[in-house]
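For reference, structure.cif (mmCIF, C-alpha atoms):
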data_entry
loop_
_atom_site.label_atom_id
_atom_site.label_comp_id
_atom_site.auth_asym_id
_atom_site.auth_seq_id
_atom_site.Cartn_x
_atom_site.Cartn_y
_atom_site.Cartn_z
CA MET A 1 94.85 168.55 123.26
CA SER A 2 92.77 165.67 121.93
CA GLU A 3 92.35 162.55 123.96
CA ALA A 4 94.14 159.39 122.88
CA PRO A 5 91.84 156.80 121.38
CA ALA A 6 90.78 154.19 123.83
CA ALA A 7 92.32 150.78 123.39
CA PRO A 8 89.88 148.25 121.99
CA LEU A 9 88.47 145.81 124.47
CA PRO A 10 89.80 142.25 124.15
CA VAL A 11 87.32 140.06 122.35
CA SER A 12 87.05 136.44 123.25
CA ALA A 13 87.26 133.97 120.39
CA GLU A 14 84.44 132.06 122.04
CA THR A 15 81.99 134.97 121.82
CA THR A 16 82.57 135.98 118.18
CA PRO A 17 82.34 133.97 114.99
CA LEU A 18 85.61 132.81 113.50
CA THR A 19 86.93 134.72 110.50
CA HIS A 20 89.42 133.52 107.93
CA LEU A 21 92.26 135.15 109.90
CA ASP A 22 91.05 133.53 113.12
CA LEU A 23 91.39 130.11 111.51
CA LEU A 24 95.11 130.80 111.10
CA VAL A 25 95.71 131.43 114.78
CA VAL A 26 92.94 129.56 116.59
CA PRO A 27 93.39 125.78 116.52
CA PRO A 28 90.29 123.69 115.92
CA ARG A 29 88.74 122.12 118.96
CA ALA A 30 90.13 118.64 119.45
CA ARG A 31 87.75 115.73 119.33
CA THR A 32 87.67 113.83 122.58
CA GLY A 33 86.10 110.71 123.95
CA TRP A 34 84.01 108.52 121.72
CA ARG A 35 84.03 111.07 118.88
CA MET A 36 87.67 110.41 118.03
CA LEU A 37 87.39 106.62 118.00
CA PRO A 38 85.87 106.21 114.50
CA ALA A 39 88.52 108.50 112.97
CA ARG A 40 91.36 106.66 114.72
CA VAL A 41 89.97 103.27 113.75
CA ALA A 42 89.59 104.37 110.13
CA ALA A 43 93.13 105.77 110.12
CA MET A 44 94.64 102.55 111.48
CA CYS A 45 92.63 100.50 109.00
CA ALA A 46 93.84 102.69 106.13
CA VAL A 47 97.46 102.31 107.24
CA GLU A 48 97.13 98.53 107.24
CA LEU A 49 95.51 98.47 103.80
CA GLN A 50 98.23 100.70 102.35
CA LYS A 51 100.56 97.72 102.64
CA LEU A 52 98.62 95.99 99.87
CA ARG A 53 99.68 98.69 97.43
CA HIS A 54 103.32 97.72 97.89
CA ASP A 55 102.92 93.95 97.85
CA ARG A 56 99.90 92.14 96.40
CA THR A 57 101.66 88.78 96.34
CA GLU A 58 99.81 87.59 99.44
CA LEU A 59 96.44 87.99 97.75
CA TYR A 60 97.53 85.98 94.71
CA THR A 61 99.20 83.15 96.60
CA ARG A 62 96.37 82.76 99.09
CA ALA A 63 93.91 82.28 96.23
CA ILE A 64 95.59 78.97 95.35
CA GLN A 65 94.48 77.05 98.45
CA PRO A 66 90.71 77.72 98.20
CA ALA A 67 90.87 76.99 94.47
CA LEU A 68 92.40 73.58 95.22
CA TRP A 69 89.75 72.85 97.86
CA LEU A 70 86.97 73.59 95.41
CA LEU A 71 88.55 71.93 92.39
CA ILE A 72 89.82 68.74 94.06
CA PHE A 73 87.93 68.15 97.29
CA GLY A 74 84.64 69.66 96.15
CA GLU A 75 84.52 68.02 92.73
CA THR A 76 85.51 64.61 94.13
CA PHE A 77 82.95 64.52 96.95
CA THR A 78 80.27 65.82 94.63
CA ARG A 79 80.72 62.66 92.54
CA ILE A 80 80.74 60.12 95.37
CA HIS A 81 77.77 61.61 97.29
CA ALA A 82 79.35 60.66 100.61
CA ILE A 83 78.11 63.61 102.67
CA PRO A 84 74.41 64.47 103.15
CA THR A 85 73.85 68.07 102.11
CA GLY A 86 70.08 68.37 102.04
CA GLY A 87 69.63 67.89 98.31
CA ILE A 88 72.11 70.50 97.06
CA PRO A 89 75.35 69.60 95.22
CA TYR A 90 78.28 69.18 97.56
CA LEU A 91 80.32 71.76 95.65
CA ASP A 92 77.61 74.34 96.35
CA TYR A 93 77.50 73.26 100.00
CA LEU A 94 81.28 73.52 100.28
CA ALA A 95 81.76 76.97 98.70
CA PRO A 96 80.59 79.07 101.72
CA GLY A 97 82.77 76.96 104.00
CA ILE A 98 85.82 77.61 101.84
CA ILE A 99 85.06 81.35 101.88
CA ALA A 100 85.08 81.26 105.69
CA GLN A 101 88.17 79.06 105.76
CA SER A 102 90.22 81.31 103.48
CA ALA A 103 89.19 84.36 105.52
CA MET A 104 90.19 82.63 108.75
CA PHE A 105 93.57 81.57 107.37
CA ILE A 106 94.35 85.20 106.50
CA ALA A 107 93.32 86.50 109.92
CA ILE A 108 94.67 83.79 112.22
CA PHE A 109 98.30 84.76 111.54
CA TYR A 110 97.72 88.48 111.92
CA GLY A 111 99.52 88.42 115.25
CA ILE A 112 102.80 87.75 113.42
CA MET A 113 102.49 91.19 111.84
CA ILE A 114 102.03 92.94 115.17
CA ILE A 115 105.07 91.09 116.60
CA TRP A 116 107.06 92.26 113.58
CA GLU A 117 105.90 95.82 114.27
CA ARG A 118 107.05 95.40 117.89
CA ASP A 119 110.49 94.21 116.76
CA ALA A 120 110.78 97.10 114.28
CA GLY A 121 109.84 99.67 116.94
CA ILE A 122 106.63 100.68 115.17
CA LEU A 123 104.31 99.43 117.89
CA THR A 124 106.05 101.49 120.58
CA LYS A 125 105.59 104.64 118.50
CA LEU A 126 101.91 103.86 117.99
CA LEU A 127 101.34 103.34 121.70
CA VAL A 128 102.72 106.76 122.65
CA THR A 129 100.21 108.51 120.36
CA PRO A 130 96.79 109.56 121.71
CA THR A 131 95.22 106.65 119.82
CA PRO A 132 93.46 104.34 122.31
CA ARG A 133 94.63 100.76 122.28
CA SER A 134 91.14 99.57 121.47
CA ALA A 135 91.09 101.80 118.37
CA LEU A 136 94.47 100.47 117.28
CA ILE A 137 93.34 96.86 117.63
CA THR A 138 89.97 97.56 116.02
CA GLY A 139 91.64 99.20 113.04
CA LYS A 140 93.92 96.22 112.53
CA ALA A 141 91.04 93.80 112.99
CA PHE A 142 88.85 95.44 110.38
CA ALA A 143 91.81 95.77 108.01
CA ALA A 144 92.14 92.00 108.29
CA GLY A 145 88.42 91.81 107.52
CA VAL A 146 88.83 93.88 104.35
CA LYS A 147 91.73 91.69 103.21
CA ALA A 148 89.60 88.62 103.87
CA LEU A 149 86.76 90.22 101.91
CA ILE A 150 89.04 90.57 98.90
CA GLN A 151 89.91 86.90 99.28
CA ALA A 152 86.21 86.04 99.53
CA VAL A 153 85.55 87.77 96.21
CA VAL A 154 88.20 85.58 94.61
CA VAL A 155 86.58 82.43 96.02
CA VAL A 156 83.13 83.56 94.86
CA VAL A 157 84.44 84.10 91.34
CA ILE A 158 86.08 80.66 91.29
CA ALA A 159 82.89 79.05 92.62
CA ALA A 160 80.80 80.83 90.00
CA LEU A 161 83.12 79.58 87.24
CA LEU A 162 82.67 76.04 88.58
CA GLY A 163 78.89 76.39 88.31
CA VAL A 164 77.96 76.94 91.96
CA ALA A 165 74.42 78.35 92.14
CA MET A 166 74.76 81.41 94.35
CA THR A 167 72.57 84.44 94.81
CA TRP A 168 73.57 87.82 93.39
CA ASN A 169 71.09 89.80 95.47
CA PRO A 170 72.93 92.99 96.58
CA LEU A 171 71.46 92.92 100.08
CA ARG A 172 72.45 89.30 100.59
CA LEU A 173 75.95 90.01 99.26
CA LEU A 174 76.20 92.90 101.72
CA GLY A 175 75.27 90.48 104.50
CA VAL A 176 77.99 88.13 103.25
CA ALA A 177 80.53 90.97 103.43
CA VAL A 178 79.51 91.80 107.00
CA ALA A 179 79.79 88.16 108.09
CA VAL A 180 83.25 87.82 106.50
CA ILE A 181 84.52 91.02 108.14
CA LEU A 182 83.15 90.14 111.59
CA GLY A 183 84.56 86.61 111.48
CA SER A 184 87.95 87.84 110.31
CA ALA A 185 87.97 90.53 112.99
CA PHE A 186 87.51 87.87 115.67
CA PHE A 187 90.21 85.54 114.34
CA SER A 188 92.70 88.37 113.87
CA CYS A 189 92.06 89.50 117.46
CA LEU A 190 92.48 85.90 118.60
CA SER A 191 95.84 85.86 116.87
CA MET A 192 96.88 89.19 118.42
CA THR A 193 95.75 87.93 121.82
CA ILE A 194 97.95 84.86 121.45
CA ALA A 195 100.78 87.15 120.31
CA GLY A 196 100.40 89.12 123.53
CA ILE A 197 100.80 85.88 125.50
CA VAL A 198 103.62 84.08 123.66
CA LEU A 199 105.48 87.25 122.52
CA THR A 200 107.48 85.56 119.74
CA ARG A 201 106.76 84.81 116.09
CA ASP A 202 107.97 81.21 116.26
CA ARG A 203 105.64 80.31 119.12
CA LEU A 204 102.74 82.10 117.47
CA MET A 205 103.34 80.30 114.18
CA GLY A 206 103.29 76.95 115.95
CA ILE A 207 100.12 77.71 117.90
CA GLY A 208 98.43 79.17 114.82
CA GLN A 209 99.12 76.04 112.82
CA ALA A 210 97.90 73.90 115.73
CA ILE A 211 94.52 75.61 116.06
CA THR A 212 93.57 76.36 112.44
CA MET A 213 92.79 72.77 111.46
CA PRO A 214 90.75 72.00 114.62
CA LEU A 215 88.78 75.21 114.10
CA PHE A 216 88.15 74.30 110.46
CA PHE A 217 87.32 70.63 110.89
CA GLY A 218 85.40 71.37 114.12
CA SER A 219 82.92 73.52 112.21
CA ASN A 220 80.17 72.91 109.68
CA ALA A 221 82.35 74.07 106.78
CA LEU A 222 82.83 70.57 105.29
CA TYR A 223 79.87 68.58 106.64
CA PRO A 224 76.64 69.11 108.57
CA VAL A 225 76.75 69.21 112.35
CA ALA A 226 74.27 66.31 112.48
CA VAL A 227 76.83 63.81 111.14
CA MET A 228 79.45 64.73 113.74
CA PRO A 229 80.05 62.69 116.90
CA GLY A 230 78.58 64.17 120.04
CA TRP A 231 81.77 65.70 121.39
CA LEU A 232 82.53 67.36 118.06
CA GLN A 233 79.02 68.81 117.94
CA VAL A 234 79.78 70.53 121.24
CA VAL A 235 82.99 71.96 119.77
CA SER A 236 81.07 73.15 116.71
CA LYS A 237 78.50 74.97 118.84
CA VAL A 238 81.18 77.08 120.56
CA ASN A 239 83.18 77.63 117.37
CA PRO A 240 82.51 81.08 115.84
CA LEU A 241 83.49 79.70 112.44
CA SER A 242 80.36 77.51 112.46
CA TYR A 243 78.12 80.56 112.85
CA GLN A 244 79.99 82.40 110.11
CA VAL A 245 79.57 79.45 107.72
CA ASP A 246 75.90 79.11 108.62
CA ALA A 247 75.31 82.77 107.78
CA LEU A 248 77.26 82.56 104.52
CA ARG A 249 75.46 79.38 103.46
CA GLY A 250 72.04 80.83 104.20
CA LEU A 251 72.76 84.09 102.38
CA LEU A 252 74.53 82.66 99.33
CA LEU A 253 72.57 79.45 98.80
CA GLY A 254 69.22 80.30 100.40
CA THR A 255 69.36 77.35 102.80
CA HIS A 256 67.83 77.50 106.27
CA ALA A 257 70.01 79.57 108.60
CA HIS A 258 69.73 81.25 112.00
CA LEU A 259 70.94 84.66 110.84
CA ALA A 260 70.03 86.57 114.01
CA LEU A 261 71.94 84.08 116.16
CA ASP A 262 74.82 83.91 113.68
CA TYR A 263 75.36 87.67 113.58
CA GLY A 264 74.85 87.97 117.32
CA VAL A 265 77.59 85.44 118.02
CA LEU A 266 79.95 87.04 115.48
CA VAL A 267 79.45 90.54 116.92
CA LEU A 268 79.96 89.27 120.48
CA ALA A 269 83.04 87.26 119.47
CA ALA A 270 84.58 90.25 117.67
CA ALA A 271 83.91 92.54 120.65
CA LEU A 272 85.44 90.08 123.12
CA GLY A 273 88.41 89.58 120.78
CA ILE A 274 89.05 93.32 120.58
CA LEU A 275 88.81 93.60 124.37
CA SER A 276 91.25 90.75 125.05
CA ALA A 277 93.77 91.84 122.41
CA SER A 278 93.66 95.45 123.65
CA SER A 279 94.32 94.36 127.23
CA LEU A 280 97.46 92.44 126.19
CA LEU A 281 98.85 95.01 123.76
CA GLY A 282 100.87 96.78 126.43
CA ARG A 283 102.52 93.51 127.46
CA LEU A 284 103.52 92.89 123.86
CA ALA A 285 105.26 96.27 123.64
CA ARG A 286 107.42 95.85 126.76
#
Render the structure in this file as structure tokens.
Amino acid sequence: MSEAPAAPLPVSAETTPLTHLDLLVVPPRARTGWRMLPARVAAMCAVELQKLRHDRTELYTRAIQPALWLLIFGETFTRIHAIPTGGIPYLDYLAPGIIAQSAMFIAIFYGIMIIWERDAGILTKLLVTPTPRSALITGKAFAAGVKALIQAVVVVVIAALLGVAMTWNPLRLLGVAVAVILGSAFFSCLSMTIAGIVLTRDRLMGIGQAITMPLFFGSNALYPVAVMPGWLQVVSKVNPLSYQVDALRGLLLGTHAHLALDYGVLVLAAALGILSASSLLGRLAR
């Protein structure tokens, strides 16, 4: 009587290469730690930008305000020569400031959206996923930056049509894009931080309207820091918008700028904004 064939020894999936059949039964190894953060951030950013496909009205309506600033304020002050701009036309001097202003106005009310998501129950569902809170906030912040970048392109086109002498160097334009995204990331995180404190859309709307004008007029967007009173110069030096405008003006117009300092402040401000908004996200979802 012949012996029964011996049963094959169990083979570990870790010691043999995966075949096509193995891929059907062996799940891929999950990414953990820092390796999953970029994918989660990109996913959250993509989700935010998908909203533009359904409603582009915001982009069109927000283009009206910077156009009015350039057409009315810029053209008028160019004629009266009331503000010292270092020998360049005031309209040229103003254009980078309006780019930064329009980007800030988009980002500063971003907290209203996250409160709406809380009220609709979306935020609670996001928080129970494995996505870290920092990745969720970072994705939203950089989505705000991309929206602001689209707005910046509109302002650049309007400024070019008005005859503003700007550079078209690709590297400088890339630097402009980075500055716009970093500045918008900070202001959107500032808005989400305030949302985590006040918890309601009405309060956030009031605070947002109260701080946008001081941030704008307390920067170098409309006039040089040298013409400001002493106390306003102090405000300008701690205002991230001033560093964003300085970088945009240096890159687009070729004026003297402290680019290393400007980008350093913007990166630090964005990082601190993400940290503060992430720490208050749980309170917002309660």
From the list A:Ile114, A:Ala107, A:Leu174, A:Ala148, the nearest residue to Thr212 of chain A using all atoms listed in the file is A:Ala107
In Å and to one decimal, atom CA of Val227 of chain A is distant from atom CA of Pro240 of chain A by 18.8 Å
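We find atom CA of Thr129 of chain A and atom CA of Val178 of chain A to be spaced 29.8 Å apart.
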One decimal place gives the atom CA of Met192 of chain A-atom CA of Leu68 of chain A separation as 28.3 Å
Name the residues that the PyMOL selection byres ((chain A and resi 91-104) around 7) pulls out of this structure, and write them as JSON, numbers by chain. {"A": [66, 70, 74, 75, 78, 85, 88, 89, 90, 105, 106, 107, 108, 148, 151, 152, 155, 159, 164, 165, 180, 184, 187, 216, 221, 222, 244, 245, 248, 249]}
Please return segment 193-204 of chain A, rebuilt to all heavy atoms, as a compact mmCIF listing (two decimals), keeping the file's coordinate frame.
# COMPACT_ATOMS: atom_id res chain seq x y z
N THR A 193 95.78 88.31 120.41
CA THR A 193 95.75 87.93 121.82
C THR A 193 96.82 86.89 122.13
O THR A 193 97.54 86.98 123.13
CB THR A 193 94.36 87.39 122.19
OG1 THR A 193 93.39 88.40 121.98
CG2 THR A 193 94.31 86.95 123.65
N ILE A 194 96.92 85.88 121.27
CA ILE A 194 97.95 84.86 121.45
C ILE A 194 99.34 85.48 121.35
O ILE A 194 100.26 85.13 122.10
CB ILE A 194 97.78 83.74 120.41
CG1 ILE A 194 96.43 83.04 120.61
CG2 ILE A 194 98.91 82.72 120.51
CD1 ILE A 194 96.09 82.04 119.53
N ALA A 195 99.49 86.46 120.43
CA ALA A 195 100.78 87.15 120.31
C ALA A 195 101.14 87.86 121.60
O ALA A 195 102.31 87.89 122.01
CB ALA A 195 100.72 88.14 119.15
N GLY A 196 100.14 88.45 122.27
CA GLY A 196 100.40 89.12 123.53
C GLY A 196 100.76 88.17 124.65
O GLY A 196 101.29 88.61 125.68
N ILE A 197 100.47 86.89 124.48
CA ILE A 197 100.80 85.88 125.50
C ILE A 197 102.16 85.25 125.22
O ILE A 197 103.01 85.15 126.11
CB ILE A 197 99.71 84.80 125.56
CG1 ILE A 197 98.38 85.42 126.00
CG2 ILE A 197 100.11 83.67 126.51
CD1 ILE A 197 97.20 84.47 125.94
N VAL A 198 102.39 84.83 123.97
CA VAL A 198 103.62 84.08 123.66
C VAL A 198 104.78 85.00 123.31
O VAL A 198 105.95 84.62 123.47
CB VAL A 198 103.36 83.08 122.52
CG1 VAL A 198 102.28 82.09 122.92
CG2 VAL A 198 102.98 83.78 121.22
N LEU A 199 104.51 86.18 122.74
CA LEU A 199 105.48 87.25 122.52
C LEU A 199 106.48 87.00 121.39
O LEU A 199 107.24 87.92 121.06
CB LEU A 199 106.26 87.56 123.82
CG LEU A 199 105.42 87.97 125.03
CD1 LEU A 199 106.31 88.19 126.24
CD2 LEU A 199 104.61 89.22 124.72
N THR A 200 106.52 85.83 120.81
CA THR A 200 107.48 85.56 119.74
C THR A 200 106.77 85.00 118.52
O THR A 200 105.74 84.34 118.63
CB THR A 200 108.56 84.55 120.19
OG1 THR A 200 107.95 83.29 120.47
CG2 THR A 200 109.31 85.06 121.41
N ARG A 201 107.37 85.27 117.34
CA ARG A 201 106.76 84.81 116.09
C ARG A 201 106.78 83.30 115.96
O ARG A 201 105.85 82.69 115.44
CB ARG A 201 107.48 85.46 114.91
CG ARG A 201 107.02 86.87 114.62
CD ARG A 201 107.83 87.52 113.52
NE ARG A 201 109.13 87.95 114.01
CZ ARG A 201 110.02 88.61 113.29
NH1 ARG A 201 109.76 88.90 112.04
NH2 ARG A 201 111.17 88.98 113.80
N ASP A 202 107.86 82.66 116.40
CA ASP A 202 107.97 81.21 116.26
C ASP A 202 106.89 80.50 117.06
O ASP A 202 106.24 79.57 116.56
CB ASP A 202 109.35 80.75 116.72
CG ASP A 202 110.46 81.24 115.81
OD1 ASP A 202 110.16 81.56 114.64
OD2 ASP A 202 111.62 81.33 116.27
N ARG A 203 106.69 80.92 118.30
CA ARG A 203 105.64 80.31 119.12
C ARG A 203 104.26 80.56 118.53
O ARG A 203 103.41 79.66 118.50
CB ARG A 203 105.71 80.85 120.54
CG ARG A 203 106.95 80.44 121.32
CD ARG A 203 106.98 81.12 122.67
NE ARG A 203 108.18 80.80 123.43
CZ ARG A 203 108.51 81.37 124.59
NH1 ARG A 203 107.70 82.30 125.10
NH2 ARG A 203 109.61 81.04 125.21
N LEU A 204 104.04 81.78 118.05
CA LEU A 204 102.74 82.10 117.47
C LEU A 204 102.48 81.28 116.21
O LEU A 204 101.36 80.81 115.99
CB LEU A 204 102.66 83.59 117.15
CG LEU A 204 101.37 84.07 116.48
CD1 LEU A 204 100.17 83.76 117.36
CD2 LEU A 204 101.43 85.55 116.18
